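Please read the structure below before turning to the comments.
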Amino acid sequence: MSLPRYQWRTLSTVERQELMQRPAVRSNTRIAADVAAIIEQVRRDGDDAVRALTATLDGVALDALQVTAEEIVAARDALSDTDRNAITAAIANIQRFHKAQIPAPIRVETQPGVICERIARPIEAVGLYVPAGTAPLPSAAMMLAVPATLAGCDTRVLCSPPRKDGSLDPAIVFAAYAAGITQMFKIGGAQAIAAMAYGTATVPKVSKVFGPGNAYVTAAKMHVAADAAGAAQDMPAGPSEVLVIADAHADADFVATDLLSQAEHGADSQVILLTDSAALLESVNSAIERFLQMLNRSDLIRAALDHSALIEVPSIDDAIAISNQYAPEHLIVNTTNARTLLPKIRNAGSVFLGSLTPESLGDYCSGTNHVLPTYGYARNYSGLGIDQFLLQMTVQEATPDGFATIGPIAATLARLEGLSAHALAVDVRLAQAGQ
């Protein structure tokens with residue numbers, strides 16, 4: 001197939017906006033109503049509701065929802081040594097990068113005798129959702145489990161949709177267990193989010209839910225996050241996407257496969273190439289058609305390519321400006337001296353520099369997290385890191401000398417705001433100290 005090709009300089013402002021528009025997210029009143037009904041059913045009937053919904057929506061009848069120790073061993077044995085070694089190697093890299101993110105406590109004496117601190121505490125209970133729809137995602141299990149474990153969250157619950165035989169994908173089970181998860185449940189969709197957010201007799205209640213998912217999972221996360229009795233969510237989510245910036249020196253095969261690898265996530269994924277080279281644009285278009293013949297998910301990819309684009313821009317600086325406005329989930333910079341462009345990049349979930357850094361590395365094993373803001377949310381959200389599994393708490397302490405100095409300031413400011421009780425709380429202490 002031939003992808004649409006455009007010249008940025010010939011497009012009007014409206015045409016440029018339309019070209020960079022994401023595919024419409026399936027978010028409508030029907031989905032919201034269906035999700036609300038599922039959540040209410042799970043809140044009311046607990047495990048019975050989860051089993052009934054799993055039978056109806058997934059076509060799987062389950063006796064037990066939790067993955068047993070025996071099933072964990074069986075999952076390990078179902079994988080080859082090569083598979084297990086790849087998973088454990090990836091986990092080690094993810095651990096190294098995320099361990100470095102653990103914040104050091106801060107202690108500052110803002111004035112003599114007045115001590116202020118900022119310390120971190122793990123969220124006590126977290127829920128991790130790993131999709132397994134069109135493809136099982138053991139990589140998502142690693143990306144969620146590693147920071148949750150390193151942060152020290154006491155309760156770490158993982159849910160993933162069961163296969164038709166009632167088991168979880170063995171790679172997901174092994175990856176989760178190897179990364180520190182022992183409580184795993186064969187639950188998918190909105191009912192999984194509801195079970196974790198509100199708890200059932202079997203599934204522990206959590207304080208925050210993490211992980212990607214389809215439109216129903218996304219709607220469920222938003223629903224429970226809006227309920228004080230539910231659970232917070234990690235970040236807004238939408239279809240996956242990549243934007244590639246490439247110059248005339250880029251290898252067309254590299255660029256084409258980067259675009260195809262992201263397009264295979266789903267029909268609603270979007271891939272965009274920005275290049276200052278008309279020759280590269282044509283070569284990439286030809287390479288895409290050639291590689292498409294080799295891929296097992298070519299129908300999905302073709303659907304995604306229908307709303308993707310190859311765009312010729314006047315310069316690489318123009319490409320960076322367009323990318324900053326688009327705020328891609330993944331940004332690949334395949335140019336000469338790519339690192340020199342990094343200071344100009346403002347909005348992106350994760351950046352891949354140079355010709356030998358395909359997005360696949362970040363998806364699996366470089367060490368960075370692949371749970372990222374999509375749909376333009378990279379303008380105001382960060383990708384998943386260990387900080388999202390921690391609560392930052394401030395502490396303050398005043399000595400007698402410190403209070404004698406700072407107390408009158410607090411009392412004066414309280415009176416400026418007309419809050420006499422605030423001032424009184426200071427005044428009675430100053431009076432007792434003879435101030």
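Chain lettering (A, B, ...) mirrors the order of the structure tokens, residue numbering begins at 1 for each chain separately, and ligand numbering begins at 1 in order of display.
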
Write out as a ChimeraX atom specification the residues lying within 9 Å of Gly189 (chain A), counting only C-alpha atoms and excluding same-chain residues fewer than 6 positions away.
/A:54,57,129,131,160-161,213-214,216-217,220

Go ahead and save the picked residues with N, CA and C atoms, as a PDB file, in the first residue's frame.
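selection_39.pdb written:
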ATOM      1  N   THR A  54     -16.596 -12.569  33.407  1.00  0.00           N
ATOM      2  CA  THR A  54     -15.548 -13.264  32.672  1.00  0.00           C
ATOM      3  C   THR A  54     -16.157 -14.308  31.739  1.00  0.00           C
ATOM      4  N   LEU A  57     -18.128 -12.036  28.923  1.00  0.00           N
ATOM      5  CA  LEU A  57     -17.329 -11.167  28.068  1.00  0.00           C
ATOM      6  C   LEU A  57     -16.099 -11.860  27.476  1.00  0.00           C
ATOM      7  N   TYR A 129      -2.475  -3.539  35.791  1.00  0.00           N
ATOM      8  CA  TYR A 129      -3.276  -4.185  34.747  1.00  0.00           C
ATOM      9  C   TYR A 129      -2.415  -4.452  33.526  1.00  0.00           C
ATOM     10  N   PRO A 131      -2.646  -5.941  29.720  1.00  0.00           N
ATOM     11  CA  PRO A 131      -3.542  -6.387  28.639  1.00  0.00           C
ATOM     12  C   PRO A 131      -3.069  -7.696  28.020  1.00  0.00           C
ATOM     13  N   SER A 160      -4.868  -9.757  34.664  1.00  0.00           N
ATOM     14  CA  SER A 160      -4.719  -9.884  33.220  1.00  0.00           C
ATOM     15  C   SER A 160      -5.802 -10.827  32.708  1.00  0.00           C
ATOM     16  N   PRO A 161      -6.308 -10.621  31.497  1.00  0.00           N
ATOM     17  CA  PRO A 161      -7.387 -11.463  30.980  1.00  0.00           C
ATOM     18  C   PRO A 161      -6.950 -12.919  30.811  1.00  0.00           C
ATOM     19  N   GLY A 213      -4.627  -0.314  28.480  1.00  0.00           N
ATOM     20  CA  GLY A 213      -5.777  -1.169  28.198  1.00  0.00           C
ATOM     21  C   GLY A 213      -6.632  -0.578  27.091  1.00  0.00           C
ATOM     22  N   ASN A 214      -7.700  -1.280  26.752  1.00  0.00           N
ATOM     23  CA  ASN A 214      -8.587  -0.813  25.686  1.00  0.00           C
ATOM     24  C   ASN A 214      -9.506   0.301  26.180  1.00  0.00           C
ATOM     25  N   TYR A 216     -12.499   0.259  27.215  1.00  0.00           N
ATOM     26  CA  TYR A 216     -13.273  -0.080  28.410  1.00  0.00           C
ATOM     27  C   TYR A 216     -12.404  -0.009  29.662  1.00  0.00           C
ATOM     28  N   VAL A 217     -11.178  -0.468  29.565  1.00  0.00           N
ATOM     29  CA  VAL A 217     -10.254  -0.366  30.692  1.00  0.00           C
ATOM     30  C   VAL A 217      -9.962   1.097  31.009  1.00  0.00           C
ATOM     31  N   ALA A 220     -12.902   2.627  32.661  1.00  0.00           N
ATOM     32  CA  ALA A 220     -13.034   2.135  34.033  1.00  0.00           C
ATOM     33  C   ALA A 220     -12.043   2.824  34.970  1.00  0.00           C
TER      34      ALA A 220
END

Run DSSP on the backbone and tell me which residues of region 228-276 of chain A come out as alpha helix (DSSP H); list them as a PyMOL selection string.
chain A and resi 252-263

Write out as a PyMOL selection string each polymer residue whose atoms come within 12 Å of Gly166 (chain A), counting only C-alpha atoms; drop sequence neighbours fewer than 6 positions from it.
chain A and resi 51+54-55+58-67+71+160+185-188

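Minimum atom-to-atom distance to His307 (chain A), evaluated using only C-alpha atoms, belongs to A:Arg22 out of A:Arg22, A:Arg9, A:Arg44, A:Arg415.
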
Could you pull out all residues of region 176-218 of chain A with a DSSP call of strand (DSSP E or B) and give them as a PyMOL selection string?
chain A and resi 183-185+208-210

Go ahead and write the selection's residues with all heavy atoms as a CSV table (one decimal), in the first residue's frame.
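And here is the file that came out, result22.csv:
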chain,number,residue,atom,x,y,z
A,183,GLN,N,0.7,-12.0,43.8
A,183,GLN,CA,-0.7,-12.0,43.8
A,183,GLN,C,-1.2,-11.7,42.3
A,183,GLN,O,-1.2,-10.5,42.0
A,183,GLN,CB,-1.3,-11.0,44.8
A,183,GLN,CG,-1.1,-11.4,46.2
A,183,GLN,CD,-1.9,-10.5,47.1
A,183,GLN,OE1,-3.0,-10.8,47.4
A,183,GLN,NE2,-1.2,-9.5,47.6
A,184,MET,N,-1.6,-12.7,41.6
A,184,MET,CA,-2.0,-12.5,40.2
A,184,MET,C,-3.4,-13.1,40.0
A,184,MET,O,-3.7,-14.1,40.6
A,184,MET,CB,-1.0,-13.2,39.2
A,184,MET,CG,0.4,-12.6,39.2
A,184,MET,SD,1.4,-13.6,38.1
A,184,MET,CE,2.7,-14.1,39.3
A,185,PHE,N,-4.2,-12.4,39.2
A,185,PHE,CA,-5.6,-12.8,39.1
A,185,PHE,C,-6.0,-12.9,37.6
A,185,PHE,O,-5.5,-12.0,36.8
A,185,PHE,CB,-6.5,-11.8,39.8
A,185,PHE,CG,-6.3,-11.8,41.3
A,185,PHE,CD1,-5.4,-10.9,41.8
A,185,PHE,CD2,-6.9,-12.7,42.1
A,185,PHE,CE1,-5.1,-10.9,43.2
A,185,PHE,CE2,-6.7,-12.7,43.5
A,185,PHE,CZ,-5.8,-11.8,44.0
A,208,LYS,N,-4.3,2.7,44.0
A,208,LYS,CA,-4.0,3.3,42.7
A,208,LYS,C,-3.9,2.2,41.7
A,208,LYS,O,-3.3,1.1,42.0
A,208,LYS,CB,-2.7,4.1,42.8
A,208,LYS,CG,-2.4,5.0,41.6
A,208,LYS,CD,-1.2,5.9,41.8
A,208,LYS,CE,-0.9,6.8,40.6
A,208,LYS,NZ,0.3,7.6,40.9
A,209,VAL,N,-4.4,2.4,40.5
A,209,VAL,CA,-4.3,1.4,39.4
A,209,VAL,C,-3.4,1.9,38.3
A,209,VAL,O,-3.4,3.1,38.0
A,209,VAL,CB,-5.7,1.0,38.9
A,209,VAL,CG1,-6.5,0.2,39.9
A,209,VAL,CG2,-6.5,2.2,38.5
A,210,PHE,N,-2.7,1.0,37.7
A,210,PHE,CA,-1.7,1.3,36.7
A,210,PHE,C,-1.9,0.4,35.5
A,210,PHE,O,-2.3,-0.7,35.7
A,210,PHE,CB,-0.2,1.1,37.3
A,210,PHE,CG,0.1,2.0,38.4
A,210,PHE,CD1,-0.2,1.6,39.7
A,210,PHE,CD2,0.9,3.1,38.2
A,210,PHE,CE1,0.1,2.4,40.8
A,210,PHE,CE2,1.3,3.9,39.3
A,210,PHE,CZ,0.9,3.5,40.6

Hey, what's within 9 Å of Asn347 (chain A) if we count only C-alpha atoms and toss same-chain stuff fewer than 2 positions away? As JSON, numbers by chain, please?
{"A": [323, 324, 325, 326, 327, 328, 329, 345, 349, 376, 377, 378, 379, 380]}

Those residues you just picked out, can you put them in a file as an mmCIF file, in the first residue's frame with N, CA, C and O atoms?
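Saved to out00.cif:
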data_model
loop_
_atom_site.group_PDB
_atom_site.id
_atom_site.type_symbol
_atom_site.label_atom_id
_atom_site.label_comp_id
_atom_site.auth_asym_id
_atom_site.auth_seq_id
_atom_site.Cartn_x
_atom_site.Cartn_y
_atom_site.Cartn_z
ATOM 1 N N SER A 323 6.876 18.253 16.060
ATOM 2 C CA SER A 323 6.846 17.180 17.053
ATOM 3 C C SER A 323 6.504 17.716 18.434
ATOM 4 O O SER A 323 5.708 17.113 19.178
ATOM 5 N N ASN A 324 7.088 18.841 18.820
ATOM 6 C CA ASN A 324 6.795 19.422 20.125
ATOM 7 C C ASN A 324 5.317 19.764 20.260
ATOM 8 O O ASN A 324 4.732 19.640 21.343
ATOM 9 N N GLN A 325 4.713 20.197 19.167
ATOM 10 C CA GLN A 325 3.289 20.498 19.212
ATOM 11 C C GLN A 325 2.455 19.220 19.270
ATOM 12 O O GLN A 325 1.453 19.148 19.991
ATOM 13 N N TYR A 326 2.868 18.217 18.541
ATOM 14 C CA TYR A 326 2.144 16.941 18.502
ATOM 15 C C TYR A 326 2.304 16.174 19.820
ATOM 16 O O TYR A 326 1.386 15.492 20.274
ATOM 17 N N ALA A 327 3.467 16.282 20.457
ATOM 18 C CA ALA A 327 3.763 15.622 21.731
ATOM 19 C C ALA A 327 3.565 14.113 21.647
ATOM 20 O O ALA A 327 2.678 13.544 22.279
ATOM 21 N N PRO A 328 4.421 13.424 20.884
ATOM 22 C CA PRO A 328 4.219 11.984 20.672
ATOM 23 C C PRO A 328 4.533 11.154 21.908
ATOM 24 O O PRO A 328 5.351 11.536 22.751
ATOM 25 N N GLU A 329 3.895 9.994 21.960
ATOM 26 C CA GLU A 329 4.233 9.010 22.988
ATOM 27 C C GLU A 329 5.682 8.560 22.809
ATOM 28 O O GLU A 329 6.467 8.546 23.757
ATOM 29 N N ILE A 345 14.061 19.365 22.145
ATOM 30 C CA ILE A 345 12.862 18.533 22.279
ATOM 31 C C ILE A 345 12.211 18.811 23.623
ATOM 32 O O ILE A 345 12.845 18.672 24.674
ATOM 33 N N GLY A 349 6.884 11.440 25.244
ATOM 34 C CA GLY A 349 6.867 10.476 26.330
ATOM 35 C C GLY A 349 8.214 9.823 26.521
ATOM 36 O O GLY A 349 8.746 9.724 27.632
ATOM 37 N N GLY A 376 -1.173 13.067 22.946
ATOM 38 C CA GLY A 376 -0.803 14.450 23.227
ATOM 39 C C GLY A 376 -0.632 14.767 24.696
ATOM 40 O O GLY A 376 -0.263 15.900 25.049
ATOM 41 N N TYR A 377 -0.882 13.797 25.579
ATOM 42 C CA TYR A 377 -0.749 14.056 27.014
ATOM 43 C C TYR A 377 0.705 14.205 27.443
ATOM 44 O O TYR A 377 0.971 14.554 28.595
ATOM 45 N N ALA A 378 1.662 13.949 26.541
ATOM 46 C CA ALA A 378 3.062 14.179 26.881
ATOM 47 C C ALA A 378 3.356 15.667 27.088
ATOM 48 O O ALA A 378 4.431 16.021 27.556
ATOM 49 N N ARG A 379 2.395 16.534 26.749
ATOM 50 C CA ARG A 379 2.564 17.963 27.050
ATOM 51 C C ARG A 379 2.464 18.232 28.545
ATOM 52 O O ARG A 379 2.988 19.237 29.035
ATOM 53 N N ASN A 380 1.757 17.377 29.284
ATOM 54 C CA ASN A 380 1.542 17.660 30.706
ATOM 55 C C ASN A 380 1.619 16.445 31.622
ATOM 56 O O ASN A 380 1.299 16.556 32.808
#

List the neighbours of region 92-108 of chain A out to 7 Å using only C-alpha atoms; skip same-chain residues closer than 2 positions along the sequence, and give me the result as number ranges by chain.
A: 88-90, 110, 115-119, 146-147, 150, 365-368, 385-386

Could you please determine the separation between CA of Ala256 (chain A) and CA of Asn296 (chain A) in Å, to one decimal place?
16.1 Å

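With CA of Leu11 (chain A) on one side and CA of Leu260 (chain A) on the other, the separation reads 25.5 Å.
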
Per residue of region 333-434 of chain A within 12 Å of region 152-159 of chain A, record the nearest atom pair and its distance in Å to one decimal, counting only C-alpha atoms, with rows in chain order and ascending residue number, as a tab-separated table.
residue	atom	partner	partner_atom	distance
A:Ile386	CA	A:Gly152	CA	10.0
A:Asp387	CA	A:Gly152	CA	11.6
A:Gln388	CA	A:Cys153	CA	11.1
A:Phe389	CA	A:Cys153	CA	7.3
A:Leu390	CA	A:Cys153	CA	8.3
A:Leu391	CA	A:Cys153	CA	10.6

Any chance you can output those residues with C-alpha atoms as a PDB file, in the first residue's frame?
ATOM      1  CA  ILE A 386       9.170   4.956  40.445  1.00  0.00           C
ATOM      2  CA  ASP A 387       7.902   8.342  41.670  1.00  0.00           C
ATOM      3  CA  GLN A 388       4.336   7.399  40.734  1.00  0.00           C
ATOM      4  CA  PHE A 389       4.451   4.533  43.226  1.00  0.00           C
ATOM      5  CA  LEU A 390       5.599   6.856  46.023  1.00  0.00           C
ATOM      6  CA  LEU A 391       3.948   9.511  48.158  1.00  0.00           C
TER       7      LEU A 391
END

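For the pair CA of Val255 (chain A) and CA of Ala319 (chain A), the interatomic distance is 15.2 Å.
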
Determine, for each residue of region 199-284 of chain A having at least one atom at most 12 Å from an atom of region 350-354 of chain A, the closest pair of atoms and their separation in Å to one decimal, counting only C-alpha atoms; order by chain and ascending number, as CSV.
residue,atom,partner,partner_atom,distance
A:Glu241,CA,A:Ser350,CA,11.1
A:Val242,CA,A:Ser350,CA,9.8
A:Leu243,CA,A:Val351,CA,9.8
A:Val244,CA,A:Phe352,CA,9.3
A:Ile245,CA,A:Leu353,CA,10.0
A:Ala246,CA,A:Gly354,CA,9.5
A:Asp247,CA,A:Gly354,CA,11.0
A:His249,CA,A:Gly354,CA,11.1
A:Ala250,CA,A:Gly354,CA,9.2
A:Asp251,CA,A:Gly354,CA,11.0
A:Phe254,CA,A:Gly354,CA,10.7
A:Val255,CA,A:Gly354,CA,11.1
A:Asp258,CA,A:Phe352,CA,10.9

Go through A:Glu312, A:Asp45, A:Asp34, A:Asp253 one by one, measure the shortest atom-to-atom distance of each to Ala287 (chain A) using only C-alpha atoms, and give the residue with the smallest value.
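Among A:Glu312, A:Asp45, A:Asp34, A:Asp253, it is A:Asp253 that comes nearest to Ala287 (chain A).
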
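Contact shell of Leu280 (chain A) at 8 Å (only C-alpha atoms; same-chain neighbours under 2 positions omitted): A:Asp247, A:Ala248, A:Ala250, A:Ala252, A:Thr275, A:Ser277, A:Ala278, A:Glu282, A:Ser283, A:Val284.
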
Env of Glu397 (chain A): 10 Å cut, atoms = only C-alpha atoms, seq-sep filter 2 positions within chain, self excluded. Answer as a PDB file with N, CA, C and O atoms, in the first residue's frame.
ATOM      1  N   GLU A 109      17.348  23.452  56.819  1.00  0.00           N
ATOM      2  CA  GLU A 109      17.069  24.357  57.930  1.00  0.00           C
ATOM      3  C   GLU A 109      16.805  25.728  57.316  1.00  0.00           C
ATOM      4  O   GLU A 109      17.736  26.456  56.947  1.00  0.00           O
ATOM      5  N   GLY A 113      16.862  26.797  63.664  1.00  0.00           N
ATOM      6  CA  GLY A 113      15.843  26.221  64.519  1.00  0.00           C
ATOM      7  C   GLY A 113      14.549  25.849  63.817  1.00  0.00           C
ATOM      8  O   GLY A 113      13.604  25.401  64.466  1.00  0.00           O
ATOM      9  N   VAL A 114      14.474  26.020  62.497  1.00  0.00           N
ATOM     10  CA  VAL A 114      13.277  25.642  61.739  1.00  0.00           C
ATOM     11  C   VAL A 114      13.714  24.638  60.667  1.00  0.00           C
ATOM     12  O   VAL A 114      14.398  24.997  59.711  1.00  0.00           O
ATOM     13  N   ILE A 115      13.327  23.396  60.869  1.00  0.00           N
ATOM     14  CA  ILE A 115      13.786  22.304  60.005  1.00  0.00           C
ATOM     15  C   ILE A 115      12.626  21.821  59.129  1.00  0.00           C
ATOM     16  O   ILE A 115      11.535  21.513  59.636  1.00  0.00           O
ATOM     17  N   CYS A 116      12.853  21.762  57.813  1.00  0.00           N
ATOM     18  CA  CYS A 116      11.860  21.265  56.867  1.00  0.00           C
ATOM     19  C   CYS A 116      12.435  20.069  56.122  1.00  0.00           C
ATOM     20  O   CYS A 116      13.595  20.080  55.713  1.00  0.00           O
ATOM     21  N   GLU A 117      11.602  19.034  55.946  1.00  0.00           N
ATOM     22  CA  GLU A 117      12.043  17.819  55.272  1.00  0.00           C
ATOM     23  C   GLU A 117      11.026  17.392  54.223  1.00  0.00           C
ATOM     24  O   GLU A 117       9.849  17.754  54.300  1.00  0.00           O
ATOM     25  N   VAL A 395       7.775  17.319  56.230  1.00  0.00           N
ATOM     26  CA  VAL A 395       7.869  17.322  57.690  1.00  0.00           C
ATOM     27  C   VAL A 395       8.470  18.653  58.106  1.00  0.00           C
ATOM     28  O   VAL A 395       9.365  19.172  57.433  1.00  0.00           O
ATOM     29  N   THR A 399      12.451  24.305  66.869  1.00  0.00           N
ATOM     30  CA  THR A 399      13.038  24.332  68.209  1.00  0.00           C
ATOM     31  C   THR A 399      12.495  25.564  68.935  1.00  0.00           C
ATOM     32  O   THR A 399      11.872  26.450  68.310  1.00  0.00           O
ATOM     33  N   GLY A 402      13.840  28.603  67.264  1.00  0.00           N
ATOM     34  CA  GLY A 402      13.246  28.740  65.942  1.00  0.00           C
ATOM     35  C   GLY A 402      11.828  29.238  66.006  1.00  0.00           C
ATOM     36  O   GLY A 402      11.418  30.117  65.228  1.00  0.00           O
ATOM     37  N   PHE A 403      11.028  28.691  66.951  1.00  0.00           N
ATOM     38  CA  PHE A 403       9.637  29.124  67.074  1.00  0.00           C
ATOM     39  C   PHE A 403       9.555  30.590  67.514  1.00  0.00           C
ATOM     40  O   PHE A 403       8.692  31.344  67.040  1.00  0.00           O
TER      41      PHE A 403
END

With distances taken over only C-alpha atoms, the candidate from A:Ser382, A:Asn369, A:Ser139, A:Thr405 nearest Asp234 (chain A) is A:Ser382
